[in-house]
$ cat data_21.txt   # compact mmCIF, C-alpha atoms
# COMPACT_ATOMS: atom_id res chain seq x y z
CA MET A 1 -17.05 48.29 116.62
CA LYS A 2 -15.26 46.38 113.87
CA ASN A 3 -11.95 47.85 115.13
CA LEU A 4 -12.35 46.25 118.56
CA ALA A 5 -9.94 43.32 118.60
CA PHE A 6 -9.06 40.72 121.18
CA LYS A 7 -5.75 41.59 122.81
CA ASN A 8 -3.93 38.27 123.06
CA ASN A 9 -7.38 36.68 122.59
CA SER A 10 -8.56 38.46 125.74
CA LEU A 11 -11.27 41.03 126.46
CA ARG A 12 -11.55 43.34 129.47
CA ILE A 13 -14.98 42.71 131.00
CA VAL A 14 -17.31 44.32 133.51
CA ILE A 15 -19.90 41.97 135.00
CA ILE A 16 -23.13 43.60 136.12
CA GLY A 17 -24.91 41.24 138.51
CA THR A 18 -23.89 38.97 141.39
CA GLY A 19 -26.14 35.91 141.16
CA ASN A 20 -25.78 32.39 139.79
CA VAL A 21 -25.28 33.35 136.14
CA ALA A 22 -22.85 36.16 136.95
CA THR A 23 -20.81 33.85 139.16
CA ILE A 24 -20.54 30.92 136.76
CA LEU A 25 -19.93 33.10 133.70
CA GLY A 26 -17.30 35.04 135.61
CA LYS A 27 -15.46 31.81 136.34
CA ARG A 28 -15.83 30.76 132.70
CA PHE A 29 -14.45 34.12 131.52
CA LEU A 30 -11.39 33.68 133.71
CA ALA A 31 -10.94 30.07 132.59
CA ALA A 32 -10.86 31.39 129.00
CA GLU A 33 -8.18 33.90 130.07
CA HIS A 34 -10.29 37.03 129.74
CA GLU A 35 -9.80 39.84 132.25
CA ILE A 36 -12.62 40.84 134.59
CA ILE A 37 -11.91 44.40 135.63
CA GLN A 38 -14.99 45.00 137.78
CA VAL A 39 -18.14 43.51 139.31
CA CYS A 40 -21.11 45.84 139.65
CA GLY A 41 -24.04 44.87 141.89
CA ARG A 42 -26.71 46.74 143.81
CA ASP A 43 -25.98 44.75 146.98
CA ARG A 44 -22.56 45.89 148.18
CA LEU A 45 -21.85 42.72 150.18
CA HIS A 46 -22.72 40.40 147.29
CA ALA A 47 -20.71 42.52 144.86
CA GLU A 48 -17.71 42.43 147.15
CA GLU A 49 -18.00 38.64 147.63
CA LEU A 50 -18.14 37.95 143.89
CA ALA A 51 -15.33 40.41 143.21
CA ASP A 52 -13.23 38.57 145.79
CA THR A 53 -14.04 35.24 144.11
CA LEU A 54 -13.03 36.64 140.72
CA SER A 55 -10.05 38.62 142.08
CA THR A 56 -11.24 41.99 140.82
CA SER A 57 -12.69 45.30 142.00
CA PHE A 58 -16.36 46.07 142.64
CA THR A 59 -18.90 48.85 142.90
CA ALA A 60 -22.47 49.04 144.18
CA ASP A 61 -23.11 52.29 142.32
CA PRO A 62 -23.88 52.05 138.57
CA ARG A 63 -22.53 55.60 138.19
CA HIS A 64 -19.10 54.23 139.08
CA THR A 65 -19.10 51.50 136.45
CA ASP A 66 -15.62 51.32 134.93
CA PRO A 67 -15.80 53.00 131.49
CA THR A 68 -12.68 51.31 130.08
CA ALA A 69 -13.97 47.77 129.51
CA ASP A 70 -14.31 46.14 126.09
CA LEU A 71 -17.46 44.26 127.06
CA TYR A 72 -20.22 44.80 129.63
CA VAL A 73 -22.18 41.68 130.60
CA ILE A 74 -25.54 42.27 132.28
CA ALA A 75 -26.27 39.05 134.17
CA VAL A 76 -29.32 39.89 136.28
CA SER A 77 -32.91 38.64 136.45
CA ASP A 78 -35.04 39.15 133.35
CA THR A 79 -37.24 41.75 135.04
CA ALA A 80 -34.22 43.76 136.20
CA ILE A 81 -32.57 44.07 132.78
CA PRO A 82 -34.57 47.16 131.62
CA LEU A 83 -33.89 48.88 134.95
CA VAL A 84 -30.17 48.16 134.75
CA ALA A 85 -29.98 49.25 131.11
CA ALA A 86 -31.68 52.53 131.98
CA THR A 87 -28.98 53.35 134.54
CA LEU A 88 -26.07 52.80 132.16
CA GLN A 89 -24.71 55.15 129.53
CA LEU A 90 -22.01 53.19 127.73
CA ASN A 91 -22.03 55.14 124.45
CA ASN A 92 -20.37 52.91 121.84
CA LYS A 93 -19.18 50.15 124.19
CA LEU A 94 -20.38 46.61 123.53
CA VAL A 95 -22.98 45.46 126.07
CA VAL A 96 -24.85 42.14 126.24
CA HIS A 97 -27.47 40.58 128.47
CA THR A 98 -27.68 36.88 129.27
CA ALA A 99 -31.44 36.26 129.17
CA GLY A 100 -33.34 33.84 126.97
CA ALA A 101 -36.73 35.52 127.09
CA VAL A 102 -35.77 39.22 126.78
CA SER A 103 -35.30 41.10 123.51
CA LYS A 104 -31.84 42.42 122.75
CA ASP A 105 -33.37 45.81 121.97
CA VAL A 106 -33.97 46.48 125.67
CA LEU A 107 -30.29 47.49 125.68
CA SER A 108 -30.69 50.17 123.01
CA THR A 109 -30.98 52.88 125.69
CA CYS A 110 -27.48 52.30 127.09
CA SER A 111 -25.31 51.76 124.00
CA LYS A 112 -25.27 51.82 120.22
CA ASN A 113 -23.64 48.40 120.24
CA TYR A 114 -25.43 45.59 122.00
CA GLY A 115 -26.57 42.00 121.83
CA VAL A 116 -27.16 38.77 123.68
CA LEU A 117 -24.92 36.12 125.20
CA TYR A 118 -27.42 33.52 126.43
CA PRO A 119 -26.03 30.46 128.25
CA LEU A 120 -28.41 27.60 127.52
CA GLN A 121 -27.74 25.84 130.81
CA SER A 122 -29.00 25.64 134.38
CA LEU A 123 -26.35 27.50 136.36
CA ARG A 124 -25.87 27.39 140.12
CA SER A 125 -23.13 29.37 141.83
CA GLU A 126 -22.29 26.49 144.18
CA LEU A 127 -21.22 24.21 141.30
CA ASN A 128 -17.67 22.99 141.85
CA GLU A 129 -17.11 22.10 138.19
CA LEU A 130 -18.06 24.37 135.32
CA PRO A 131 -20.71 22.63 133.19
CA GLU A 132 -20.75 22.41 129.42
CA ILE A 133 -22.57 25.53 128.24
CA PRO A 134 -24.00 26.08 124.75
CA PHE A 135 -24.35 29.80 123.96
CA LEU A 136 -26.99 31.49 121.83
CA VAL A 137 -25.82 34.85 120.54
CA ASP A 138 -27.26 37.85 118.75
CA GLY A 139 -26.11 41.36 117.92
CA ASN A 140 -27.57 44.69 116.94
CA THR A 141 -25.26 44.90 113.92
CA GLU A 142 -23.26 42.40 111.92
CA ASP A 143 -20.06 43.68 113.52
CA ASP A 144 -21.53 43.27 117.01
CA LEU A 145 -22.76 39.78 116.20
CA THR A 146 -19.32 38.81 114.91
CA LEU A 147 -17.60 40.07 118.05
CA ILE A 148 -20.08 38.38 120.41
CA SER A 149 -19.84 35.14 118.42
CA GLU A 150 -16.05 35.21 118.53
CA PHE A 151 -16.10 35.89 122.25
CA ALA A 152 -18.59 33.08 122.88
CA ALA A 153 -16.36 30.72 120.89
CA THR A 154 -13.63 31.27 123.47
CA LEU A 155 -16.04 30.00 126.13
CA SER A 156 -17.71 27.06 124.39
CA ASN A 157 -17.53 24.90 121.28
CA GLN A 158 -21.32 25.15 120.95
CA VAL A 159 -22.25 28.63 119.74
CA GLN A 160 -25.25 29.42 117.55
CA GLN A 161 -26.87 32.62 116.40
CA ALA A 162 -30.50 32.99 117.52
CA ASN A 163 -32.77 35.99 117.15
CA ASP A 164 -35.25 37.05 119.84
CA GLU A 165 -37.99 34.70 118.63
CA GLN A 166 -35.72 31.68 118.23
CA ARG A 167 -34.13 32.28 121.62
CA LEU A 168 -37.53 32.55 123.32
CA LYS A 169 -38.65 29.26 121.75
CA LEU A 170 -35.51 27.50 122.97
CA HIS A 171 -35.99 29.09 126.38
CA LEU A 172 -39.47 27.53 126.52
CA ALA A 173 -38.06 24.15 125.53
CA ALA A 174 -35.37 24.55 128.20
CA VAL A 175 -38.02 25.17 130.85
CA MET A 176 -39.74 21.92 129.86
CA VAL A 177 -36.64 19.71 129.86
CA SER A 178 -35.03 21.28 132.92
CA ASN A 179 -37.45 23.06 135.25
CA PHE A 180 -40.41 20.76 134.63
CA THR A 181 -38.41 17.55 134.89
CA ASN A 182 -36.72 18.77 138.06
CA HIS A 183 -40.15 19.49 139.52
CA LEU A 184 -41.13 15.91 138.72
CA TYR A 185 -38.01 14.74 140.55
CA ALA A 186 -39.05 16.83 143.56
CA LEU A 187 -42.57 15.38 143.52
CA ALA A 188 -41.21 11.84 143.13
CA LYS A 189 -38.84 12.32 146.06
CA ALA A 190 -41.65 13.67 148.23
CA TYR A 191 -43.74 10.62 147.27
CA CYS A 192 -40.88 8.27 148.14
CA LEU A 193 -40.37 9.93 151.51
CA HIS A 194 -44.08 9.68 152.25
CA GLU A 195 -44.19 6.02 151.23
CA GLN A 196 -40.86 5.23 152.96
CA VAL A 197 -38.99 4.01 149.90
CA ASP A 198 -35.49 5.07 148.80
CA PHE A 199 -35.46 7.83 146.16
CA SER A 200 -31.68 7.51 145.68
CA LEU A 201 -32.23 4.18 143.93
CA LEU A 202 -33.77 6.17 141.07
CA LEU A 203 -30.67 8.28 140.41
CA PRO A 204 -28.96 5.77 138.03
CA LEU A 205 -32.23 5.59 136.08
CA ILE A 206 -32.43 9.39 135.80
CA THR A 207 -28.87 9.52 134.50
CA ALA A 208 -29.33 6.63 132.05
CA VAL A 209 -32.49 8.11 130.52
CA ALA A 210 -30.78 11.48 129.98
CA ASP A 211 -27.64 9.86 128.53
CA ARG A 212 -29.64 8.01 125.88
CA LEU A 213 -30.60 11.31 124.28
CA HIS A 214 -27.04 11.87 123.08
CA GLU A 215 -27.51 9.02 120.59
CA HIS A 216 -31.27 8.50 120.17
CA GLU A 217 -34.42 10.49 119.50
CA PRO A 218 -36.55 10.85 122.65
CA ALA A 219 -39.59 9.30 120.98
CA ALA A 220 -37.53 6.28 119.90
CA VAL A 221 -36.49 5.32 123.43
CA GLN A 222 -39.80 5.85 125.23
CA THR A 223 -40.58 3.00 127.63
CA GLY A 224 -43.06 2.32 130.42
CA PRO A 225 -46.60 1.00 130.90
CA ALA A 226 -48.24 3.76 128.82
CA ARG A 227 -45.90 3.07 125.89
CA ARG A 228 -46.68 -0.67 125.92
CA ASN A 229 -50.35 -0.08 126.78
CA ASP A 230 -50.08 -2.07 130.05
CA GLU A 231 -53.48 -1.25 131.52
CA ALA A 232 -53.09 -3.58 134.52
CA THR A 233 -49.95 -1.82 135.73
CA ILE A 234 -51.42 1.61 135.07
CA GLN A 235 -54.44 0.80 137.26
CA LYS A 236 -52.16 -0.45 140.06
CA HIS A 237 -50.25 2.80 139.92
CA LEU A 238 -53.43 4.87 140.01
CA GLU A 239 -54.61 2.98 143.06
CA LEU A 240 -51.36 3.83 144.84
CA LEU A 241 -51.95 7.48 144.01
CA GLN A 242 -55.46 7.73 145.46
CA THR A 243 -54.25 9.92 148.31
CA HIS A 244 -51.76 11.85 146.14
CA THR A 245 -54.19 13.98 144.14
CA ALA A 246 -51.71 16.18 142.30
CA LEU A 247 -49.48 13.24 141.35
CA LYS A 248 -52.47 11.22 140.19
CA LEU A 249 -53.55 14.05 137.92
CA MET A 250 -50.07 14.36 136.43
CA TYR A 251 -49.72 10.59 136.04
CA THR A 252 -53.02 10.43 134.16
CA MET A 253 -52.09 13.39 131.95
CA PHE A 254 -48.69 12.00 130.98
CA THR A 255 -50.10 8.50 130.46
CA GLU A 256 -52.72 9.79 128.04
CA SER A 257 -50.18 11.96 126.22
CA ILE A 258 -47.83 9.00 125.71
CA ARG A 259 -50.68 6.76 124.56
CA LYS A 260 -51.83 9.35 122.06
CA MET A 261 -48.32 9.81 120.64
CA TYR A 262 -47.94 6.08 119.94
CA SER A 263 -51.52 5.10 119.16
CA ALA A 264 -51.02 5.50 115.42
CA GLY A 265 -48.14 3.03 115.53

$ encode --input "data_21.txt" --output "structure tokens"
Amino acid sequence: MKNLAFKNNSLRIVIIGTGNVATILGKRFLAAEHEIIQVCGRDRLHAEELADTLSTSFTADPRHTDPTADLYVIAVSDTAIPLVAATLQLNNKLVVHTAGAVSKDVLSTCSKNYGVLYPLQSLRSELNELPEIPFLVDGNTEDDLTLISEFAATLSNQVQQANDEQRLKLHLAAVMVSNFTNHLYALAKAYCLHEQVDFSLLLPLITAVADRLHEHEPAAVQTGPARRNDEATIQKHLELLQTHTALKLMYTMFTESIRKMYSAG
């Protein structure tokens, strides 16, 4: 694989998958002036739609995957990766998956050269602007890792090597800061709707709290009644949550966690 070189800094790519990650990465590949030669997806309509978006060809049959690409990117759900890998015989071609919680070695059945190109970002196909995407990369060999790293560097200025264990740990952290916080937003909006107050007034606060983390440690900018041990306000909040059982439980849990973190200080 060490003889595989970027032609005019461009690779010829097959994307396997048609969902959110496949769509956004496909757009990012094109923005970085790589060539997408084919989209492969089990749903013919979805494969055709993504291929049209990316101005390329498509197939719904893995047996018709174009064998001439430099790089094959498997961007499907975590549970589908082993099934997809089992259908592909790519010999010495470089193949990567895009999952945070799946070992790179699941690809060993389809090629001798494989690795991971994990976008550490929440990706939605309907996004109008491509978000900033850090990439975690890994490779089966040093040559593969070098190639994947160099490719990732054409897509982002934040590229780090991470083995299976490191990537899984960061995936867990990503779930907490993204999926869990978004769930809290959903619960807070449902509460606001129920209590007939305007959730949109909280949006500047959400943005400001996230922006602080670019310059400060999270623990250093913690605020709120639990941080200042304001028992009177906490009790008022709990009274408001008497008929919101799930929210009351979460409020109590987070309050106690914050108190415990700062009790020594």

$ residues_around --input "data_21.txt" --residues "segment 134-145 of chain A" --least-positions-apart "5" --cutoff "9 Å" --atoms "only C-alpha atoms" --output "JSON, numbers by chain"
{"A": [1, 2, 94, 96, 100, 104, 105, 108, 112, 113, 114, 115, 116, 117, 118, 119, 120, 121, 150, 152, 153, 155, 156, 157, 158, 159, 160, 161, 162, 163, 164, 167]}

$ write_last_selection --input "data_21.txt" --atoms "C-alpha atoms" --output "compact mmCIF listing (two decimals), in the frame of the given file"
# COMPACT_ATOMS: atom_id res chain seq x y z
CA MET A 1 -17.05 48.29 116.62
CA LYS A 2 -15.26 46.38 113.87
CA LEU A 94 -20.38 46.61 123.53
CA VAL A 96 -24.85 42.14 126.24
CA GLY A 100 -33.34 33.84 126.97
CA LYS A 104 -31.84 42.42 122.75
CA ASP A 105 -33.37 45.81 121.97
CA SER A 108 -30.69 50.17 123.01
CA LYS A 112 -25.27 51.82 120.22
CA ASN A 113 -23.64 48.40 120.24
CA TYR A 114 -25.43 45.59 122.00
CA GLY A 115 -26.57 42.00 121.83
CA VAL A 116 -27.16 38.77 123.68
CA LEU A 117 -24.92 36.12 125.20
CA TYR A 118 -27.42 33.52 126.43
CA PRO A 119 -26.03 30.46 128.25
CA LEU A 120 -28.41 27.60 127.52
CA GLN A 121 -27.74 25.84 130.81
CA GLU A 150 -16.05 35.21 118.53
CA ALA A 152 -18.59 33.08 122.88
CA ALA A 153 -16.36 30.72 120.89
CA LEU A 155 -16.04 30.00 126.13
CA SER A 156 -17.71 27.06 124.39
CA ASN A 157 -17.53 24.90 121.28
CA GLN A 158 -21.32 25.15 120.95
CA VAL A 159 -22.25 28.63 119.74
CA GLN A 160 -25.25 29.42 117.55
CA GLN A 161 -26.87 32.62 116.40
CA ALA A 162 -30.50 32.99 117.52
CA ASN A 163 -32.77 35.99 117.15
CA ASP A 164 -35.25 37.05 119.84
CA ARG A 167 -34.13 32.28 121.62

$ closest_residue --input "data_21.txt" --among "A:Val175, A:Leu203, A:Leu247, A:Ala208" --to "Ala190 of chain A" --atoms "all atoms listed in the file"
A:Leu247

$ atom_distance --input "data_21.txt" --atom1 "atom CA of Ala86 of chain A" --atom2 "atom CA of Arg63 of chain A"
11.5 Å

$ residues_around --input "data_21.txt" --residues "Asp70 of chain A" --least-positions-apart "3" --cutoff "12 Å" --atoms "all atoms listed in the file" --output "PyMOL selection string"
chain A and resi 1+3-7+10-15+34-38+66-67+73+90-96+113-114+144+147-148+151

$ atom_distance --input "data_21.txt" --atom1 "atom CA of Asn179 of chain A" --atom2 "atom CA of Arg227 of chain A"
23.6 Å

$ atom_distance --input "data_21.txt" --atom1 "atom CA of Lys169 of chain A" --atom2 "atom CA of Thr181 of chain A"
17.6 Å

$ residues_around --input "data_21.txt" --residues "segment 122-129 of chain A" --least-positions-apart "2" --cutoff "8 Å" --atoms "only C-alpha atoms" --output "mmCIF file with C-alpha atoms, in the coordinates of the input"
data_model
loop_
_atom_site.group_PDB
_atom_site.id
_atom_site.type_symbol
_atom_site.label_atom_id
_atom_site.label_comp_id
_atom_site.auth_asym_id
_atom_site.auth_seq_id
_atom_site.Cartn_x
_atom_site.Cartn_y
_atom_site.Cartn_z
ATOM 1 C CA GLY A 19 -26.140 35.910 141.160
ATOM 2 C CA ASN A 20 -25.780 32.390 139.790
ATOM 3 C CA VAL A 21 -25.280 33.350 136.140
ATOM 4 C CA THR A 23 -20.810 33.850 139.160
ATOM 5 C CA ILE A 24 -20.540 30.920 136.760
ATOM 6 C CA LEU A 120 -28.410 27.600 127.520
ATOM 7 C CA PRO A 131 -20.710 22.630 133.190
ATOM 8 C CA SER A 178 -35.030 21.280 132.920
#

$ closest_residue --input "data_21.txt" --among "A:Ala60, A:Ala186, A:Ile133, A:Ala173" --to "Phe199 of chain A" --atoms "only C-alpha atoms"
A:Ala186

$ residues_around --input "data_21.txt" --residues "Ala80 of chain A" --least-positions-apart "5" --cutoff "12 Å" --atoms "only C-alpha atoms" --output "list in words"
Ile16, Gly17, Gly41, Arg42, Ile74, Ala75, Ala85, Ala86, Thr87, His97, Thr98, Ala99, Val102, Val106 and Leu107 of chain A

$ closest_residue --input "data_21.txt" --among "A:Ala22, A:Leu54, A:Cys110, A:Met250" --to "Gln89 of chain A" --atoms "all atoms listed in the file"
A:Cys110

$ residues_around --input "data_21.txt" --residues "segment 44-47 of chain A" --least-positions-apart "3" --cutoff "7 Å" --atoms "only C-alpha atoms" --output "ChimeraX atom specification"
/A:18,39-41,50-51,58-60
